[in-house]
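Source file data-v9.txt; content: compact mmCIF, C-alpha atoms.
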# COMPACT_ATOMS: atom_id res chain seq x y z
CA MET A 160 -9.07 25.78 -14.74
CA PRO A 161 -12.59 24.92 -13.50
CA ARG A 162 -12.44 23.44 -10.04
CA SER A 163 -15.42 21.11 -10.37
CA SER A 164 -19.03 20.90 -11.50
CA PHE A 165 -20.22 21.67 -7.94
CA PRO A 166 -20.75 25.16 -6.50
CA SER A 167 -17.56 26.22 -4.73
CA GLY A 168 -19.14 26.24 -1.27
CA VAL A 169 -20.43 22.69 -1.64
CA TYR A 170 -17.11 21.54 -3.09
CA ARG A 171 -15.13 22.96 -0.20
CA ARG A 172 -17.48 21.51 2.39
CA VAL A 173 -17.24 18.03 0.84
CA SER A 174 -13.45 18.28 0.47
CA THR A 175 -13.11 19.20 4.13
CA LEU A 176 -15.37 16.39 5.33
CA LEU A 177 -13.90 13.57 3.22
CA PRO A 178 -11.08 12.64 5.63
CA ARG A 179 -13.47 12.69 8.57
CA LEU A 180 -15.95 10.28 7.00
CA SER A 181 -13.56 7.31 6.92
CA ARG A 182 -13.39 4.74 9.70
CA LEU A 183 -10.51 6.12 11.66
CA SER A 184 -9.67 6.53 15.28
CA ARG A 185 -10.02 9.80 17.10
CA GLY A 186 -6.27 9.74 17.65
CA ARG A 187 -5.57 9.67 13.94
CA LEU A 188 -8.04 12.48 13.28
CA ARG A 189 -6.40 14.54 16.02
CA ASP A 190 -2.90 13.92 14.63
CA GLN A 191 -3.95 14.69 11.07
CA GLY A 192 -5.78 17.82 12.19
CA ALA A 193 -2.58 19.14 13.78
CA ALA A 194 -0.40 18.27 10.76
CA THR A 195 -0.66 21.73 9.21
CA GLN A 196 0.87 23.41 12.22
CA ARG A 197 3.66 20.82 12.41
CA TRP A 198 4.51 21.27 8.72
CA VAL A 199 4.50 25.05 9.03
CA ALA A 200 6.76 24.92 12.09
CA TRP A 201 9.17 22.56 10.35
CA ALA A 202 9.32 24.71 7.21
CA GLU A 203 9.99 27.88 9.18
CA SER A 204 12.97 26.40 10.99
CA HIS A 205 14.25 23.46 8.95
CA ARG A 206 13.34 23.68 5.27
CA PRO A 207 16.65 23.84 3.38
CA ASP A 208 17.25 26.09 0.41
CA GLY A 209 17.14 24.37 -2.96
CA PRO A 210 14.70 21.99 -4.65
CA LEU A 211 12.21 20.03 -2.55
CA VAL A 212 10.13 17.04 -3.63
CA TRP A 213 6.98 16.18 -1.69
CA VAL A 214 6.01 12.48 -1.90
CA HIS A 215 2.52 11.39 -0.89
CA GLY A 216 1.13 7.89 -0.43
CA ALA A 217 -1.95 6.83 1.50
CA SER A 218 -0.38 3.99 3.48
CA VAL A 219 2.64 1.71 3.76
CA GLY A 220 2.18 -0.06 0.43
CA GLU A 221 1.79 3.16 -1.52
CA LEU A 222 4.87 4.78 -0.01
CA LEU A 223 6.94 1.66 -0.62
CA ALA A 224 5.98 1.87 -4.30
CA ALA A 225 7.63 5.30 -4.34
CA ALA A 226 10.75 4.25 -2.42
CA PRO A 227 12.88 3.06 -5.39
CA VAL A 228 11.87 6.17 -7.34
CA VAL A 229 13.05 8.42 -4.50
CA ARG A 230 16.36 6.55 -4.20
CA ARG A 231 17.01 7.07 -7.90
CA LEU A 232 16.15 10.76 -7.70
CA LEU A 233 18.61 11.23 -4.84
CA ARG A 234 21.32 9.46 -6.83
CA ARG A 235 20.72 11.97 -9.64
CA ASN A 236 20.82 14.96 -7.28
CA SER A 237 22.16 14.52 -3.76
CA GLU A 238 21.16 18.11 -2.91
CA LEU A 239 17.48 17.29 -3.33
CA THR A 240 15.30 17.54 -0.21
CA VAL A 241 12.49 14.97 0.02
CA VAL A 242 9.56 14.99 2.45
CA ALA A 243 6.65 12.53 2.61
CA THR A 244 3.01 12.55 3.70
CA HIS A 245 0.47 9.82 4.34
CA THR A 246 -3.12 9.44 5.52
CA SER A 247 -2.95 6.06 7.29
CA SER A 248 -2.12 5.55 10.95
CA SER A 249 -0.23 2.39 9.90
CA VAL A 250 2.54 4.64 8.56
CA ALA A 251 2.63 6.82 11.66
CA ALA A 252 3.47 3.77 13.78
CA GLN A 253 6.59 2.97 11.76
CA PRO A 254 10.03 4.51 11.21
CA LEU A 255 10.74 6.34 7.97
CA LEU A 256 9.75 4.25 4.97
CA LEU A 257 11.62 6.46 2.50
CA PRO A 258 14.97 8.28 2.50
CA VAL A 259 13.27 11.56 3.49
CA VAL A 260 14.06 14.33 5.94
CA ARG A 261 10.52 14.39 7.33
CA GLN A 262 7.39 12.22 7.21
CA ASP A 263 3.98 13.19 8.63
CA TYR A 264 0.26 13.17 7.91
CA LEU A 265 -1.16 14.98 4.90
CA PRO A 266 -3.19 17.89 6.32
CA PHE A 267 -6.96 17.81 5.94
CA ASP A 268 -8.04 18.55 2.36
CA SER A 269 -9.51 21.95 3.15
CA PRO A 270 -8.57 25.16 1.33
CA GLU A 271 -7.15 26.75 4.48
CA ASP A 272 -5.00 23.82 5.68
CA THR A 273 -3.74 23.07 2.18
CA ALA A 274 -2.82 26.67 1.40
CA ARG A 275 -0.97 27.20 4.71
CA THR A 276 1.03 24.02 4.32
CA LEU A 277 1.97 24.50 0.67
CA ASP A 278 2.94 28.14 1.18
CA ALA A 279 5.23 27.10 4.03
CA VAL A 280 6.83 23.98 2.56
CA ARG A 281 7.09 25.34 -1.04
CA PRO A 282 7.52 22.06 -2.96
CA ASP A 283 9.13 22.19 -6.41
CA CYS A 284 7.40 18.95 -7.41
CA VAL A 285 4.84 16.62 -5.83
CA VAL A 286 4.97 12.87 -6.41
CA ILE A 287 1.80 10.89 -5.65
CA ALA A 288 2.28 7.15 -5.25
CA ARG A 289 -0.40 4.85 -6.66
CA GLY A 290 -2.99 7.63 -7.03
CA ASP A 291 -4.27 8.83 -3.65
CA VAL A 292 -6.08 11.86 -5.07
CA TRP A 293 -7.18 14.75 -2.83
CA PRO A 294 -8.93 17.41 -4.93
CA GLU A 295 -8.17 20.54 -2.90
CA PHE A 296 -4.51 19.53 -2.65
CA LEU A 297 -4.24 19.07 -6.43
CA HIS A 298 -6.12 22.26 -7.25
CA ALA A 299 -3.88 24.25 -4.92
CA LEU A 300 -0.78 22.76 -6.55
CA HIS A 301 -2.06 23.62 -10.02
CA ALA A 302 -2.78 27.18 -8.91
CA ARG A 303 0.82 27.48 -7.71
CA ARG A 304 2.14 25.88 -10.94
CA VAL A 305 3.77 23.04 -9.01
CA PRO A 306 4.19 20.00 -11.29
CA VAL A 307 2.55 16.79 -10.09
CA ALA A 308 3.64 13.27 -11.07
CA MET A 309 1.87 10.02 -10.24
CA VAL A 310 4.17 7.03 -9.95
CA GLY A 311 3.04 3.40 -9.98
CA ALA A 312 -0.38 4.83 -10.77
CA ALA A 313 -3.24 2.36 -10.53
CA ILE A 314 -7.02 2.49 -10.27
CA ALA A 315 -9.02 -0.62 -9.37
CA PRO A 316 -11.61 -1.51 -12.05
CA GLY A 317 -14.49 -1.08 -9.60
CA SER A 318 -13.18 2.04 -7.89
CA HIS A 319 -15.87 4.39 -6.58
CA LYS A 320 -13.80 7.25 -8.00
CA LEU A 321 -14.82 6.21 -11.51
CA ARG A 322 -18.53 6.66 -10.71
CA PHE A 323 -20.74 9.70 -10.19
CA PRO A 324 -20.58 11.81 -8.07
CA ALA A 325 -16.96 11.05 -7.16
CA LEU A 326 -15.85 11.22 -10.80
CA SER A 327 -17.15 14.78 -11.11
CA LEU A 328 -15.48 15.76 -7.85
CA TYR A 329 -12.03 14.45 -8.74
CA ALA A 330 -11.79 14.71 -12.54
CA SER A 331 -11.09 18.42 -12.81
CA ALA A 332 -8.21 18.05 -10.35
CA VAL A 333 -6.66 15.13 -12.22
CA ARG A 334 -6.73 17.03 -15.53
CA GLY A 335 -3.91 19.23 -14.31
CA VAL A 336 -1.51 16.41 -13.39
CA SER A 337 1.76 16.78 -15.30
CA TRP A 338 2.69 13.12 -15.75
CA ILE A 339 1.20 9.72 -14.87
CA GLY A 340 3.24 6.50 -14.85
CA ALA A 341 0.49 3.88 -15.14
CA VAL A 342 1.11 0.34 -13.95
CA SER A 343 -0.69 -1.27 -16.90
CA LEU A 344 -2.55 -0.51 -20.13
CA GLU A 345 -5.82 -1.02 -18.27
CA ASP A 346 -4.78 1.50 -15.61
CA ALA A 347 -3.73 3.98 -18.29
CA ALA A 348 -7.19 3.76 -19.87
CA ARG A 349 -8.86 4.28 -16.48
CA TRP A 350 -6.70 7.35 -15.75
CA GLN A 351 -7.79 8.85 -19.07
CA ARG A 352 -11.40 8.09 -18.21
CA PHE A 353 -10.68 9.80 -14.90
CA GLY A 354 -9.79 13.02 -16.72
CA ALA A 355 -6.05 12.74 -17.47
CA ALA A 356 -4.89 13.78 -20.93
CA SER A 357 -3.56 10.91 -23.04
CA THR A 358 -0.38 12.92 -23.67
CA VAL A 359 0.66 12.77 -20.01
CA VAL A 360 -0.08 9.07 -19.40
CA GLU A 361 2.71 6.54 -19.92
CA VAL A 362 2.64 2.80 -19.17
CA THR A 363 5.76 2.15 -17.09
CA GLY A 364 5.04 -0.98 -15.06
CA ASP A 365 5.07 -1.06 -11.28
CA PRO A 366 8.00 0.42 -9.30
CA ARG A 367 6.89 -1.67 -6.31
CA HIS A 368 8.35 -4.66 -8.15
CA ASP A 369 11.74 -2.94 -8.17
CA GLU A 370 11.33 -2.26 -4.46
CA VAL A 371 10.61 -5.85 -3.41
CA LEU A 372 13.26 -7.34 -5.71
CA GLU A 373 15.95 -4.91 -4.51
CA ARG A 374 15.04 -5.20 -0.86
CA LEU A 375 17.32 -7.14 1.52
CA THR A 376 15.38 -9.40 3.88
CA ASN A 377 15.95 -8.76 7.58
CA LEU A 378 15.77 -12.08 9.42
CA HIS A 379 15.67 -10.52 12.88
CA PRO A 380 11.82 -10.33 13.02
CA THR A 381 11.63 -14.06 12.26
CA ALA A 382 13.78 -15.07 15.24
CA PRO A 383 10.93 -15.42 17.81
CA TYR A 384 9.10 -17.82 15.49
CA ARG A 385 11.85 -19.99 14.00
CA ALA A 386 11.97 -22.61 16.75
CA TRP A 387 8.16 -22.79 16.84
CA ALA A 388 7.97 -23.18 13.05
CA GLY A 389 10.36 -26.14 13.18
CA SER A 390 10.93 -28.13 10.02
CA GLY A 391 7.28 -28.55 9.04
CA PRO A 392 5.29 -26.49 6.53
CA VAL A 393 4.48 -22.90 7.52
CA LEU A 394 1.67 -20.74 6.21
CA VAL A 395 2.33 -17.03 6.71
CA ALA A 396 -1.05 -15.32 6.46
CA GLY A 397 -0.28 -11.64 5.94
CA SER A 398 -2.39 -8.46 6.11
CA LEU A 399 -5.49 -10.29 7.30
CA GLU A 400 -8.72 -8.32 7.05
CA SER A 401 -12.01 -9.16 8.77
CA GLY A 402 -13.31 -11.09 5.74
CA ASP A 403 -10.30 -13.41 5.73
CA VAL A 404 -10.34 -14.59 9.32
CA ARG A 405 -13.27 -17.03 9.48
CA PRO A 406 -12.72 -18.94 6.20
CA LEU A 407 -8.96 -19.12 6.72
CA LEU A 408 -9.14 -20.43 10.29
CA ALA A 409 -11.84 -22.92 9.31
CA ALA A 410 -9.63 -24.19 6.48
CA TRP A 411 -6.61 -24.37 8.77
CA GLY A 412 -8.56 -26.44 11.28
CA THR A 413 -9.14 -29.13 8.63
CA ILE A 414 -5.52 -29.02 7.46
CA ARG A 415 -4.24 -29.51 11.01
CA ASP A 416 -6.16 -32.79 11.16
CA VAL A 417 -4.00 -34.26 8.38
CA GLU A 418 -0.84 -32.12 8.83
CA PRO A 419 -0.39 -31.86 12.62
CA GLY A 420 3.11 -30.41 12.17
CA ALA A 421 1.90 -27.51 10.04
CA ARG A 422 2.05 -24.03 11.52
CA MET A 423 0.26 -20.79 10.62
CA LEU A 424 1.65 -17.36 11.46
CA ALA A 425 -1.28 -14.92 11.26
CA VAL A 426 -0.39 -11.26 10.72
CA PRO A 427 -3.46 -8.98 10.95
CA HIS A 428 -3.38 -5.81 8.90
CA ASP A 429 -4.61 -4.00 12.01
CA PRO A 430 -3.07 -5.73 15.05
CA SER A 431 -5.31 -3.96 17.55
CA ALA A 432 -6.46 -5.77 20.67
CA ALA A 433 -9.98 -6.17 19.28
CA VAL A 434 -8.79 -7.66 15.99
CA ILE A 435 -6.38 -10.05 17.70
CA ALA A 436 -9.13 -11.15 20.07
CA ARG A 437 -11.33 -12.00 17.10
CA VAL A 438 -8.60 -14.12 15.49
CA VAL A 439 -8.11 -15.92 18.79
CA ARG A 440 -11.85 -16.64 19.07
CA GLU A 441 -11.99 -18.03 15.55
CA ALA A 442 -8.94 -20.23 16.13
CA VAL A 443 -10.47 -21.65 19.32
CA ARG A 444 -13.80 -22.21 17.56
CA CYS A 445 -12.02 -24.17 14.83
CA GLY A 446 -10.02 -26.26 17.29
CA VAL A 447 -6.65 -24.68 16.47
CA PRO A 448 -4.35 -24.07 19.48
CA VAL A 449 -3.33 -20.41 19.36
CA ALA A 450 -0.83 -18.03 20.98
CA VAL A 451 -0.30 -14.28 20.63
CA GLY A 452 3.24 -13.11 19.89
CA SER A 453 6.52 -14.57 21.07
CA GLN A 454 5.52 -14.21 24.71
CA GLY A 455 2.38 -16.24 24.10
CA LEU A 456 4.44 -18.97 22.43
CA ALA A 457 6.86 -19.07 25.36
CA GLU A 458 3.98 -19.46 27.83
CA ALA A 459 1.99 -22.00 25.81
CA ASN A 460 1.37 -25.49 27.13
CA GLY A 461 1.72 -27.99 24.29
CA PRO A 462 1.97 -27.49 20.53
CA VAL A 463 0.54 -24.31 19.02
CA GLY A 464 -0.93 -24.50 15.53
CA CYS A 465 -1.43 -20.76 15.05
CA ALA A 466 0.69 -17.86 16.27
CA ILE A 467 -0.60 -14.30 15.90
CA HIS A 468 1.99 -11.61 15.26
CA ASP A 469 1.03 -8.51 17.22
CA GLY A 470 3.49 -6.01 15.72
CA VAL A 471 3.63 -3.87 12.59
CA GLY A 472 6.16 -3.21 9.87
CA SER A 473 7.84 -6.61 9.56
CA LEU A 474 5.50 -8.61 7.32
CA ALA A 475 7.82 -8.54 4.29
CA ASP A 476 10.51 -10.16 6.45
CA LEU A 477 8.14 -12.67 8.07
CA TYR A 478 7.32 -14.07 4.63
CA ALA A 479 10.83 -15.57 4.73
CA LEU A 480 9.38 -18.21 7.10
CA ALA A 481 6.68 -19.20 4.62
CA THR A 482 6.25 -22.46 2.79
CA VAL A 483 3.08 -20.91 1.38
CA ALA A 484 1.70 -17.38 1.80
CA TYR A 485 -1.87 -16.24 2.22
CA VAL A 486 -2.38 -12.55 1.40
CA GLY A 487 -5.38 -10.82 2.94
CA GLY A 488 -7.98 -8.51 1.46
CA GLY A 489 -9.06 -10.76 -1.40
CA PHE A 490 -12.52 -11.40 0.04
CA ALA A 491 -13.45 -7.79 -0.81
CA ARG A 492 -13.27 -6.10 -4.19
CA GLY A 493 -10.23 -3.93 -4.76
CA LYS A 494 -8.77 -4.54 -1.28
CA LEU A 495 -6.01 -7.11 -1.88
CA HIS A 496 -2.78 -6.33 -0.05
CA SER A 497 0.69 -6.72 -1.53
CA VAL A 498 1.28 -10.07 -3.22
CA ALA A 499 4.62 -8.82 -4.58
CA GLU A 500 6.36 -9.23 -1.21
CA PRO A 501 5.97 -13.03 -0.91
CA ALA A 502 6.41 -13.39 -4.69
CA ALA A 503 9.84 -11.73 -4.47
CA LEU A 504 10.86 -14.53 -2.07
CA ALA A 505 9.56 -17.19 -4.50
CA VAL A 506 6.71 -18.13 -2.15
CA PRO A 507 3.47 -19.35 -3.80
CA ILE A 508 0.39 -17.37 -2.81
CA VAL A 509 -3.23 -18.09 -1.95
CA ALA A 510 -5.81 -15.30 -1.69
CA GLY A 511 -9.54 -14.66 -1.64
CA PRO A 512 -11.86 -14.75 -4.65
CA HIS A 513 -11.37 -11.10 -5.68
CA ALA A 514 -7.57 -11.27 -5.80
CA THR A 515 -7.57 -10.96 -9.58
CA ASP A 516 -9.26 -7.54 -9.36
CA ASP A 517 -5.75 -6.36 -8.52
CA TRP A 518 -3.14 -5.99 -11.29
CA ASP A 519 -0.46 -7.95 -9.43
CA GLY A 520 -3.05 -10.57 -8.50
CA ARG A 521 -3.93 -11.08 -12.16
CA LEU A 522 -0.27 -11.11 -13.16
CA LEU A 523 0.72 -13.78 -10.62
CA HIS A 524 -2.44 -15.82 -11.21
CA ALA A 525 -1.73 -15.94 -14.95
CA ALA A 526 1.83 -17.07 -14.24
CA GLY A 527 0.64 -19.87 -11.94
CA GLY A 528 2.07 -18.35 -8.77
CA LEU A 529 -1.25 -17.39 -7.14
CA LEU A 530 -4.45 -19.35 -6.60
CA CYS A 531 -7.82 -17.94 -5.53
CA ALA A 532 -10.31 -19.54 -3.16
CA GLY A 533 -13.81 -18.37 -2.33
CA ASN A 534 -14.60 -20.25 0.90
CA ALA A 535 -13.10 -22.43 3.61
CA MET A 536 -13.46 -25.64 1.60
CA GLU A 537 -11.68 -24.19 -1.41
CA LEU A 538 -8.98 -22.70 0.79
CA SER A 539 -8.35 -26.07 2.41
CA LYS A 540 -8.10 -27.77 -0.96
CA VAL A 541 -5.67 -25.22 -2.42
CA LEU A 542 -3.48 -25.08 0.67
CA ARG A 543 -3.25 -28.87 0.89
CA ARG A 544 -2.22 -29.05 -2.76
CA TRP A 545 0.84 -26.92 -2.18
CA LEU A 546 1.67 -27.96 1.37
CA SER A 547 1.77 -31.62 0.38
CA ASN A 548 3.46 -31.28 -3.02
CA PRO A 549 6.93 -29.70 -2.76
CA GLU A 550 7.62 -29.93 -6.49
CA ALA A 551 4.41 -28.08 -7.45
CA ARG A 552 4.94 -25.58 -4.65
CA ILE A 553 8.49 -24.71 -5.73
CA ARG A 554 7.42 -24.42 -9.35
CA ALA A 555 4.61 -22.04 -8.38
CA GLY A 556 6.89 -19.93 -6.18
CA LEU A 557 9.44 -19.50 -8.95
CA ALA A 558 6.64 -18.59 -11.36
CA ALA A 559 5.46 -15.91 -8.93
CA ARG A 560 8.92 -14.38 -8.69
CA SER A 561 9.55 -14.49 -12.43
CA ALA A 562 6.28 -12.60 -13.05
CA LEU A 563 7.69 -9.52 -11.28
CA THR A 564 9.41 -7.08 -13.61
CA THR A 565 12.09 -4.43 -13.16
CA GLY A 566 12.70 -1.06 -14.77
CA ALA A 567 9.58 0.84 -13.75
CA ALA A 568 11.42 2.75 -11.02
CA ASP A 569 13.98 4.02 -13.55
CA ARG A 570 11.25 5.22 -15.91
CA ASN A 571 9.29 6.91 -13.15
CA ALA A 572 12.39 8.60 -11.71
CA ALA A 573 13.42 9.89 -15.14
CA ALA A 574 10.01 11.49 -15.58
CA VAL A 575 10.08 13.19 -12.19
CA ALA A 576 13.64 14.41 -12.82
CA THR A 577 12.45 15.98 -16.06
CA LEU A 578 9.71 17.85 -14.20
CA LEU A 579 12.41 19.12 -11.84
CA GLY A 580 14.47 20.27 -14.82
CA TYR A 581 17.40 17.88 -14.70
CA GLY A 582 16.26 14.70 -16.47
CA GLU A 583 15.67 13.33 -19.90
CA THR A 584 12.80 14.54 -22.04
CA ILE A 585 9.58 12.69 -21.27
CA THR A 586 8.30 10.81 -24.30
CA PRO A 587 5.03 9.02 -23.47
CA SER A 588 4.78 5.61 -25.11
How would this structure read if it were set down as structure tokens?
Amino acid sequence: MPRSSFPSGVYRRVSTLLPRLSRLSRGRLRDQGAATQRWVAWAESHRPDGPLVWVHGASVGELLAAAPVVRRLLRRNSELTVVATHTSSSVAAQPLLLPVVRQDYLPFDSPEDTARTLDAVRPDCVVIARGDVWPEFLHALHARRVPVAMVGAAIAPGSHKLRFPALSLYASAVRGVSWIGAVSLEDAARWQRFGAASTVVEVTGDPRHDEVLERLTNLHPTAPYRAWAGSGPVLVAGSLESGDVRPLLAAWGTIRDVEPGARMLAVPHDPSAAVIARVVREAVRCGVPVAVGSQGLAEANGPVGCAIHDGVGSLADLYALATVAYVGGGFARGKLHSVAEPAALAVPIVAGPHATDDWDGRLLHAAGGLLCAGNAMELSKVLRRWLSNPEARIRAGLAARSALTTGAADRNAAAVATLLGYGETITPS
């Protein structure tokens, strides 16, 4: 199989540099750079005999999309060993997201690191959640005849991967993927444009919907905020990115003028000190009293209109406090975070103007469970509509939940089981 349209030396140089070009901390680069040695050491001393499935997802949301698939695979074969890799430091800061024996960074996408890791771990099948494609990794798997499945596979309409030169770099690797479970018809068409054969692409729906609908809410993370939230309306603003902060806080400042009992729990996607400091500055600028974390609430003098959660890993549970949810990322194309989590709790959702670039965003918007707003004035108007109208708010929340569908995890698990040799025959629809 041809590796790419680039000379091999150029291809390898680009593949090696790709992880280093992203905006990541030195700590993450150091940890990822040492991942090969950690995987090799684990394989030499701990890899069990028998079949092993390697699951890869870029970050928390991607791995959670694979979680119900993994659970179903383990129910089919309890002797199966499952390991997981990621490329985001947000995963490294959390406990295991999947029922796996080991979870660590994906090694750098260089020929040397990839070959050493694969030869040590010896996966029988690799499952990629959502579609985090690393060319050297895929080419090395194809060379070793390891089947690759993509579950919950999605590509944003404006993805840079669909344009030159990225398309040329990735397409030859994707051509060798054994099976792709696309989230939607539109995603299936984009995967074929990306190089996948039509015979291996099946529209299955989104296994992340199964995950959020099956998940049991843990109320423990909400405890520090329940007394503060009181009986008034609460906006849980989850996964806030830099583009969300200013318009959202400006809108909340106007809402507080007419709804003094309203509370906003802000949950930054990256709760670093610098990001939290920026949210605090914007809240102060907009006249919104603010506190950071439960300790800040305990030390506050007077009512606090905005609390900033400074932890990670509990957002899905914090949505249980919400009267209305705001989901971050919608002020940038293709960056919306998970709207399925609040939808599963029947919470209506507000997001930025590009929310409908995302498949779930379009789905919930069409059902009436999600509204988009492009600036502070529009955000204020939309939030007031739902905060002040319980009947409309409840109707929208139920519409959001009813738009989520089940069954995708079963279809994806059946396909992976077939690749492992103990499932039903795959018949693409």
**Asked** Which polymer residues have any atom within 12 Å of an atom of A:Leu297, counting all atoms listed in the file, with same-chain residues fewer than 2 positions away left out, as an MDAnalysis selection string?
**Response** chainID A and resid 160 162 174 215 268:270 273:274 277 284:287 290:295 299:309 328:337
**Asked** atom CA of A:Gly340 and atom CA of A:Asp476, how far apart in Å?
**Response**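 Here the two named atoms are 28.0 Å from each other.
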Could you list, with a cut-off of 6 Å and counting all atoms listed in the file, the residues of stretch 385-428 of chain A near stretch 478-487 of chain A, each shown with its nearest atom pair and the distance in Å rounded to one decimal, rows sorted by chain and ascending number, as CSV?
residue,atom,partner,partner_atom,distance
A:Pro392,CA,A:Thr482,CA,5.6
A:Val393,CA,A:Thr482,CA,5.1
A:Leu394,CA,A:Val483,CA,5.0
A:Val395,CA,A:Ala484,CA,5.0
A:Ala396,CA,A:Tyr485,CA,4.4
A:Gly397,CA,A:Val486,CA,5.1
A:Ser398,CA,A:Gly487,CA,5.0
A:Leu399,CA,A:Gly487,CA,4.4
A:Glu400,CA,A:Gly487,CA,5.9
Requested write-out: C-alpha atoms of the selected residues, as an mmCIF file, in the frame of the given file:
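Contents of the output file out_18.cif:
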data_model
loop_
_atom_site.group_PDB
_atom_site.id
_atom_site.type_symbol
_atom_site.label_atom_id
_atom_site.label_comp_id
_atom_site.auth_asym_id
_atom_site.auth_seq_id
_atom_site.Cartn_x
_atom_site.Cartn_y
_atom_site.Cartn_z
ATOM 1 C CA PRO A 392 5.290 -26.490 6.530
ATOM 2 C CA VAL A 393 4.480 -22.900 7.520
ATOM 3 C CA LEU A 394 1.670 -20.740 6.210
ATOM 4 C CA VAL A 395 2.330 -17.030 6.710
ATOM 5 C CA ALA A 396 -1.050 -15.320 6.460
ATOM 6 C CA GLY A 397 -0.280 -11.640 5.940
ATOM 7 C CA SER A 398 -2.390 -8.460 6.110
ATOM 8 C CA LEU A 399 -5.490 -10.290 7.300
ATOM 9 C CA GLU A 400 -8.720 -8.320 7.050
#
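Here the question is which of A:Ala251, A:Ala312, A:Met536, A:Ile467 gets nearest to A:Glu361 using only C-alpha atoms, and that residue is A:Ala312.
Of the residues listed (A:Ala341, A:Leu529, A:Gly452, A:Ala475), A:Ala475 shows the shortest atom-to-atom separation from A:Leu378; distances use only C-alpha atoms.
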**For atom CA of A:Trp387 and atom CA of A:Asn534, the interatomic separation in Å (one decimal)** =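 Separation of atom CA of A:Trp387 and atom CA of A:Asn534: 27.9 Å.
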**Message:** Give me, as number ranges by chain, all polymer residues having an atom no more than 9 Å from stretch 434-445 of chain A, counting only C-alpha atoms and skipping those fewer than 4 positions away in the same chain.
**Reply:** A: 400-401, 404-405, 408-413, 425, 427, 429-430, 449-451, 465, 467-469
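Each of A:Cys531, A:Val575, A:Val417, A:Ala558 was checked against A:Asp516 using only C-alpha atoms; the smallest atom-to-atom distance is that of A:Cys531.
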**Item:** Test item: residues at most 9 Å from stretch 203-211 of chain A, all atoms listed in the file, excluding those fewer than 4 positions along its chain, as a ChimeraX atom specification
**Value:** /A:198-199,238-242,279-285,579
**One-decimal distance in Å that lies between atom CA of A:Ser497 and atom CA of A:Arg560** =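 If I compute the distance from atom CA of A:Arg560 to atom CA of A:Ser497, I get 13.3 Å.
Using only C-alpha atoms, the nearest neighbour of A:Arg492 within the list A:Ser318, A:Thr565, A:Ser453, A:Gln262 is A:Ser318.
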**Asked** Quick one: of A:Gly580, A:Pro316, A:Gly446, A:Gly533, who's nearest to A:Phe353, counting all atoms listed in the file?
**Response**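 For A:Phe353, the nearest of the given residues is A:Pro316.
Restricting the calculation to all atoms listed in the file, the smallest distance between A:Leu563 and any of A:Leu456, A:Trp201, A:Trp518, A:Ala217 is found for A:Trp518.
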**Request:** Counting only C-alpha atoms, select every polymer residue within 8 Å of (-0.8, -2.2, -17.2) as defined in the file's coordinates, and provide the selection as JSON, numbers by chain.
**Result:** {"A": [341, 342, 343, 344, 345, 346, 347, 362, 363, 364, 518]}
Put the listed atoms of stretch 563-566 of chain A in a box along x, y and z with 3 Å added on every side and give me the centre and edge lengths in Å to one decimal, as lines of an AutoDock Vina configuration file.
center_x = 10.2
center_y = -5.3
center_z = -13.0
size_x = 11.0
size_y = 14.5
size_z = 9.5
